[in-house]
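This report refers to the structure that appears directly beneath it.
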Amino acid sequence: PVIQGGMAWVAECHLAAAVSNAGGLGLIAAGGAPAEWVREQIRETKKLTDKPFGVNIMLMNPESEKVAKVIVEEGVKVVTTGAGSPEKYMADWKAAGVKVIPVVASVALAKRMERCGADAVVAEGTEAVGELTTMVLVPQVVDAVNIPVIAAGGIADGRGMAAAFMLGAKGIQMGTVFAASKESVIHENYKNSIFKAKDIDSRVTGRSTGHPIRVLRNDMARKYLELEKEGAPFEELEKMTLGSLRRAVQEGDVKSGSLMAGQIAGMIKEEHSC
């Protein structure tokens, strides 16, 4: 009942395969990547594991339609979605036997996803990036829908999993703990930032743009929040963050890079294998 979060630039073939080999459900994050990159990652993952794995699609990706087709063509059996509604792809995915699990941040969206044929939903609390806490959101979604609910946000160990089950969830999704794992490809500087993080060291940026993310505090986050408070236009904010996650993941830039992590980072103190 453990799903690895679809983290752009982080959730690639090696991490997805490691999680699936360990008994969870690994995900490849399409993020803003081209469809053919996603196809290559799927094929590489198949070489590394014979266990089920999935793909996460950010529906604001300009190539999301092509990625949706790649999923069918490559025989992927699980897809999670974020940043939009997957309704227009649902018929093709269902015909191909794909299990569709949208990420939701509200009861209303969960009910809408159930109506359009979702097999389950991930209820993601503000500990990750949503508006409501996991403790508040999960039981309300559980009560509102008749499909399985997977809890996400603020979970990193068995205690969090047990709490999620008590709230009515049938499984959990974790991101930050897998980003900091031995099998993760992120730069050591990024991992060390997670290990050093305290309970109050994360901030949500991008709420004004409609595309919020949770990151660890650093120079970039501080400057971004200052600009956001001043009412800076979307274009200025977008320009500031362009390539910032890649710099953090690949180059270890912990000052001007985007150190995406959940509030649970404060509990993660050392590197573990998946």
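Following the order of the structure tokens, first chain is A, next is B, and so on, with residues numbered from 1 inside each chain and ligands from 1 in the order they appear.
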Could you pull the residues within 10 Å of segment 235-242 of chain A, counting only C-alpha atoms, minus those fewer than 2 positions along the same chain, as a PyMOL selection string?
chain A and resi 205-206+208-209+220-221+223-225+227-228+231-233+244-247+256-258
Those selected residues, please, written with N, CA and C atoms and delivered as a PDB file, in the first residue's frame.
ATOM      1  N   THR A 205       5.672  28.195  -2.031  1.00  0.00           N
ATOM      2  CA  THR A 205       5.802  29.274  -3.010  1.00  0.00           C
ATOM      3  C   THR A 205       4.813  29.027  -4.144  1.00  0.00           C
ATOM      4  N   GLY A 206       4.447  30.095  -4.826  1.00  0.00           N
ATOM      5  CA  GLY A 206       3.612  29.958  -6.025  1.00  0.00           C
ATOM      6  C   GLY A 206       2.111  29.936  -5.793  1.00  0.00           C
ATOM      7  N   SER A 208       0.156  32.393  -5.456  1.00  0.00           N
ATOM      8  CA  SER A 208      -0.451  33.463  -6.258  1.00  0.00           C
ATOM      9  C   SER A 208      -0.579  33.078  -7.727  1.00  0.00           C
ATOM     10  N   THR A 209       0.221  32.122  -8.167  1.00  0.00           N
ATOM     11  CA  THR A 209       0.196  31.711  -9.577  1.00  0.00           C
ATOM     12  C   THR A 209      -0.789  30.571  -9.834  1.00  0.00           C
ATOM     13  N   MET A 220      16.673  31.420  -2.759  1.00  0.00           N
ATOM     14  CA  MET A 220      15.687  31.505  -3.827  1.00  0.00           C
ATOM     15  C   MET A 220      14.268  31.590  -3.282  1.00  0.00           C
ATOM     16  N   ALA A 221      13.948  30.761  -2.297  1.00  0.00           N
ATOM     17  CA  ALA A 221      12.600  30.767  -1.715  1.00  0.00           C
ATOM     18  C   ALA A 221      12.291  32.108  -1.065  1.00  0.00           C
ATOM     19  N   LYS A 223      13.591  35.099  -1.759  1.00  0.00           N
ATOM     20  CA  LYS A 223      13.411  36.126  -2.786  1.00  0.00           C
ATOM     21  C   LYS A 223      12.073  35.953  -3.506  1.00  0.00           C
ATOM     22  N   TYR A 224      11.721  34.700  -3.773  1.00  0.00           N
ATOM     23  CA  TYR A 224      10.460  34.426  -4.463  1.00  0.00           C
ATOM     24  C   TYR A 224       9.279  34.911  -3.621  1.00  0.00           C
ATOM     25  N   LEU A 225       9.284  34.586  -2.341  1.00  0.00           N
ATOM     26  CA  LEU A 225       8.175  34.976  -1.475  1.00  0.00           C
ATOM     27  C   LEU A 225       8.086  36.493  -1.318  1.00  0.00           C
ATOM     28  N   LEU A 227       8.953  38.684  -3.670  1.00  0.00           N
ATOM     29  CA  LEU A 227       8.352  39.151  -4.924  1.00  0.00           C
ATOM     30  C   LEU A 227       6.862  38.845  -4.974  1.00  0.00           C
ATOM     31  N   GLU A 228       6.507  37.673  -4.489  1.00  0.00           N
ATOM     32  CA  GLU A 228       5.094  37.282  -4.486  1.00  0.00           C
ATOM     33  C   GLU A 228       4.277  38.233  -3.602  1.00  0.00           C
ATOM     34  N   GLY A 231       3.433  41.405  -5.185  1.00  0.00           N
ATOM     35  CA  GLY A 231       2.506  41.334  -6.318  1.00  0.00           C
ATOM     36  C   GLY A 231       3.182  41.228  -7.670  1.00  0.00           C
ATOM     37  N   ALA A 232       4.371  40.646  -7.703  1.00  0.00           N
ATOM     38  CA  ALA A 232       5.100  40.497  -8.969  1.00  0.00           C
ATOM     39  C   ALA A 232       4.277  39.701  -9.975  1.00  0.00           C
ATOM     40  N   PRO A 233       4.362  40.050 -11.260  1.00  0.00           N
ATOM     41  CA  PRO A 233       3.598  39.322 -12.284  1.00  0.00           C
ATOM     42  C   PRO A 233       4.095  37.885 -12.455  1.00  0.00           C
ATOM     43  N   SER A 244      15.253  25.912 -11.855  1.00  0.00           N
ATOM     44  CA  SER A 244      15.760  25.893 -10.475  1.00  0.00           C
ATOM     45  C   SER A 244      15.723  24.497  -9.854  1.00  0.00           C
ATOM     46  N   LEU A 245      14.723  23.704 -10.200  1.00  0.00           N
ATOM     47  CA  LEU A 245      14.676  22.344  -9.653  1.00  0.00           C
ATOM     48  C   LEU A 245      15.784  21.489 -10.254  1.00  0.00           C
ATOM     49  N   ARG A 246      16.014  21.632 -11.548  1.00  0.00           N
ATOM     50  CA  ARG A 246      17.099  20.883 -12.200  1.00  0.00           C
ATOM     51  C   ARG A 246      18.443  21.239 -11.570  1.00  0.00           C
ATOM     52  N   ARG A 247      18.647  22.527 -11.279  1.00  0.00           N
ATOM     53  CA  ARG A 247      19.923  22.942 -10.667  1.00  0.00           C
ATOM     54  C   ARG A 247      20.103  22.297  -9.300  1.00  0.00           C
ATOM     55  N   SER A 256      20.242  28.866  -4.941  1.00  0.00           N
ATOM     56  CA  SER A 256      19.273  29.390  -5.906  1.00  0.00           C
ATOM     57  C   SER A 256      18.468  28.283  -6.574  1.00  0.00           C
ATOM     58  N   GLY A 257      18.679  27.046  -6.134  1.00  0.00           N
ATOM     59  CA  GLY A 257      17.888  25.929  -6.651  1.00  0.00           C
ATOM     60  C   GLY A 257      16.598  25.774  -5.864  1.00  0.00           C
ATOM     61  N   SER A 258      15.651  25.057  -6.451  1.00  0.00           N
ATOM     62  CA  SER A 258      14.369  24.802  -5.796  1.00  0.00           C
ATOM     63  C   SER A 258      14.447  23.471  -5.053  1.00  0.00           C
TER      64      SER A 258
END
Write out as an MDAnalysis selection string each polymer residue whose atoms come within 12 Å of Gly117 of chain A, counting only C-alpha atoms; drop sequence neighbours fewer than 4 positions from it.
chainID A and resid 85:95 98:102 110:113 121 145:147
Residues near segment 180-197 of chain A, cut-off 7 Å, only C-alpha atoms, skip fewer than 2 positions along chain, as a PyMOL selection string
chain A and resi 10+14-15+18+176-178+199+201+248-252+254+259+265-266+268-274
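Going from atom CA of Arg115 of chain A to atom CA of Met58 of chain A covers 20.4 Å.
When only C-alpha atoms are used to compute distances to Ala83 of chain A, the closest of the residues A:Ala152, A:Met174, A:Ala96, A:Ile213 turns out to be A:Ile213.
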Which of A:Ala29, A:Gly97, A:Gly171, A:Ser106 sits closest to Thr81 of chain A [using only C-alpha atoms]
A:Ala29
What's the 12 Å shell around Ile172 of chain A, counting only C-alpha atoms, without same-chain residues fewer than 6 positions away, as a VMD selection string?
chain A and resid 1 to 5 24 to 25 103 120 to 125 134 138 148 to 166
For the selection just defined, write its residues with C-alpha atoms to a file, as a compact mmCIF listing (two decimals), in the first residue's frame.
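Below you can see out23.txt, which holds the result:
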# COMPACT_ATOMS: atom_id res chain seq x y z
CA PRO A 1 0.00 0.00 0.00
CA VAL A 2 2.99 2.35 -0.50
CA ILE A 3 3.25 4.59 -3.57
CA GLN A 4 6.30 6.70 -4.36
CA GLY A 5 5.42 10.30 -5.21
CA GLY A 24 5.92 -0.50 -3.29
CA LEU A 25 4.64 1.15 -6.46
CA VAL A 103 -4.08 13.51 -6.86
CA ALA A 120 -8.67 5.62 -6.58
CA VAL A 121 -7.53 9.07 -5.47
CA VAL A 122 -4.49 10.38 -3.63
CA ALA A 123 -5.68 12.87 -1.00
CA GLU A 124 -2.69 15.18 -0.56
CA GLY A 125 -2.51 17.42 2.49
CA THR A 134 -3.72 15.38 5.74
CA VAL A 138 -8.23 12.27 4.23
CA PRO A 148 -9.95 3.71 -2.36
CA VAL A 149 -8.24 6.77 -0.89
CA ILE A 150 -4.45 6.99 -0.62
CA ALA A 151 -3.12 9.45 1.96
CA ALA A 152 -0.22 11.77 1.12
CA GLY A 153 1.55 14.58 2.91
CA GLY A 154 3.51 14.32 6.15
CA ILE A 155 4.18 10.57 6.06
CA ALA A 156 7.66 9.06 6.35
CA ASP A 157 7.40 6.00 8.57
CA GLY A 158 5.15 3.33 10.03
CA ARG A 159 3.59 5.74 12.50
CA GLY A 160 2.35 7.94 9.68
CA MET A 161 1.12 4.90 7.76
CA ALA A 162 -0.81 3.63 10.80
CA ALA A 163 -2.37 7.05 11.31
CA ALA A 164 -3.42 7.17 7.64
CA PHE A 165 -5.09 3.78 7.96
CA MET A 166 -6.97 4.96 11.04
How would you write, as an mmCIF file with N, CA and C atoms, in the first residue's frame, the set of residues in segment 81-265 of chain A that DSSP gives as strand (DSSP E or B)?
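Final file, out_3.cif:
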data_model
loop_
_atom_site.group_PDB
_atom_site.id
_atom_site.type_symbol
_atom_site.label_atom_id
_atom_site.label_comp_id
_atom_site.auth_asym_id
_atom_site.auth_seq_id
_atom_site.Cartn_x
_atom_site.Cartn_y
_atom_site.Cartn_z
ATOM 1 N N THR A 81 -2.118 11.423 -11.648
ATOM 2 C CA THR A 81 -2.178 12.705 -12.350
ATOM 3 C C THR A 81 -2.217 13.861 -11.360
ATOM 4 N N GLY A 82 -1.721 15.012 -11.811
ATOM 5 C CA GLY A 82 -1.769 16.224 -11.006
ATOM 6 C C GLY A 82 -1.851 17.435 -11.910
ATOM 7 N N LYS A 99 -5.001 1.701 -14.618
ATOM 8 C CA LYS A 99 -5.600 2.194 -13.381
ATOM 9 C C LYS A 99 -5.254 3.675 -13.230
ATOM 10 N N VAL A 100 -6.270 4.512 -13.042
ATOM 11 C CA VAL A 100 -6.073 5.959 -13.004
ATOM 12 C C VAL A 100 -6.291 6.475 -11.576
ATOM 13 N N ILE A 101 -5.261 7.148 -11.040
ATOM 14 C CA ILE A 101 -5.296 7.611 -9.650
ATOM 15 C C ILE A 101 -4.932 9.106 -9.608
ATOM 16 N N PRO A 102 -5.916 9.989 -9.703
ATOM 17 C CA PRO A 102 -5.623 11.424 -9.631
ATOM 18 C C PRO A 102 -5.247 11.867 -8.221
ATOM 19 N N VAL A 103 -4.396 12.873 -8.129
ATOM 20 C CA VAL A 103 -4.075 13.509 -6.857
ATOM 21 C C VAL A 103 -5.070 14.642 -6.639
ATOM 22 N N VAL A 104 -5.700 14.674 -5.462
ATOM 23 C CA VAL A 104 -6.723 15.683 -5.179
ATOM 24 C C VAL A 104 -6.402 16.406 -3.889
ATOM 25 N N VAL A 121 -8.076 7.710 -5.501
ATOM 26 C CA VAL A 121 -7.530 9.071 -5.471
ATOM 27 C C VAL A 121 -6.443 9.154 -4.406
ATOM 28 N N VAL A 122 -5.487 10.030 -4.641
ATOM 29 C CA VAL A 122 -4.489 10.377 -3.625
ATOM 30 C C VAL A 122 -4.944 11.685 -2.996
ATOM 31 N N ALA A 123 -5.287 11.659 -1.722
ATOM 32 C CA ALA A 123 -5.676 12.873 -0.997
ATOM 33 C C ALA A 123 -4.422 13.471 -0.374
ATOM 34 N N GLU A 124 -3.979 14.594 -0.933
ATOM 35 C CA GLU A 124 -2.686 15.179 -0.559
ATOM 36 C C GLU A 124 -2.874 16.403 0.318
ATOM 37 N N VAL A 149 -8.926 5.497 -1.115
ATOM 38 C CA VAL A 149 -8.242 6.768 -0.892
ATOM 39 C C VAL A 149 -6.833 6.481 -0.382
ATOM 40 N N ILE A 150 -5.859 7.117 -1.007
ATOM 41 C CA ILE A 150 -4.454 6.987 -0.622
ATOM 42 C C ILE A 150 -4.045 8.307 0.033
ATOM 43 N N ALA A 151 -3.486 8.240 1.217
ATOM 44 C CA ALA A 151 -3.115 9.446 1.959
ATOM 45 C C ALA A 151 -1.712 9.902 1.579
ATOM 46 N N ALA A 152 -1.534 11.207 1.444
ATOM 47 C CA ALA A 152 -0.220 11.766 1.120
ATOM 48 C C ALA A 152 -0.026 13.080 1.864
ATOM 49 N N GLY A 171 -4.013 3.155 1.533
ATOM 50 C CA GLY A 171 -2.593 3.140 1.207
ATOM 51 C C GLY A 171 -2.014 4.518 1.466
ATOM 52 N N ILE A 172 -0.702 4.660 1.267
ATOM 53 C CA ILE A 172 -0.039 5.953 1.459
ATOM 54 C C ILE A 172 0.856 6.263 0.262
ATOM 55 N N GLN A 173 1.083 7.540 0.051
ATOM 56 C CA GLN A 173 2.075 7.993 -0.931
ATOM 57 C C GLN A 173 3.104 8.831 -0.188
ATOM 58 N N MET A 174 4.389 8.542 -0.450
ATOM 59 C CA MET A 174 5.481 9.300 0.170
ATOM 60 C C MET A 174 6.404 9.835 -0.915
ATOM 61 N N SER A 202 10.239 24.593 5.919
ATOM 62 C CA SER A 202 9.671 24.582 4.568
ATOM 63 C C SER A 202 8.707 25.752 4.369
ATOM 64 N N ARG A 203 8.556 26.137 3.124
ATOM 65 C CA ARG A 203 7.649 27.223 2.745
ATOM 66 C C ARG A 203 6.897 26.828 1.471
ATOM 67 N N VAL A 204 5.723 27.405 1.294
ATOM 68 C CA VAL A 204 4.982 27.180 0.050
ATOM 69 C C VAL A 204 5.142 28.406 -0.835
ATOM 70 N N THR A 205 5.672 28.195 -2.031
ATOM 71 C CA THR A 205 5.802 29.274 -3.010
ATOM 72 C C THR A 205 4.813 29.027 -4.144
ATOM 73 N N ILE A 213 4.063 25.050 -4.733
ATOM 74 C CA ILE A 213 4.953 23.937 -4.391
ATOM 75 C C ILE A 213 5.531 24.198 -3.007
ATOM 76 N N ARG A 214 5.893 23.137 -2.309
ATOM 77 C CA ARG A 214 6.536 23.293 -1.000
ATOM 78 C C ARG A 214 8.030 23.053 -1.160
ATOM 79 N N VAL A 215 8.806 23.970 -0.627
ATOM 80 C CA VAL A 215 10.261 23.899 -0.750
ATOM 81 C C VAL A 215 10.910 24.185 0.599
ATOM 82 N N LEU A 216 12.173 23.778 0.724
ATOM 83 C CA LEU A 216 12.947 24.136 1.904
ATOM 84 C C LEU A 216 13.418 25.581 1.780
ATOM 85 N N MET A 260 12.587 21.205 -3.441
ATOM 86 C CA MET A 260 11.250 20.707 -3.167
ATOM 87 C C MET A 260 11.289 19.610 -2.110
#
Quick one: pull the distance between atom CA of Gly26 of chain A and atom CA of Glu114 of chain A, Å, one decimal.
23.1 Å
Which of segment 46-226 of chain A counts as helix (DSSP H, G or I) under DSSP, as a ChimeraX atom specification please?
/A:46-48,64-73,87-95,107-115,134-144,158-166,176-179,188-196,207-209,219-226
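A straight line drawn from atom CA of Gly262 of chain A to atom CA of His211 of chain A is 15.5 Å long.
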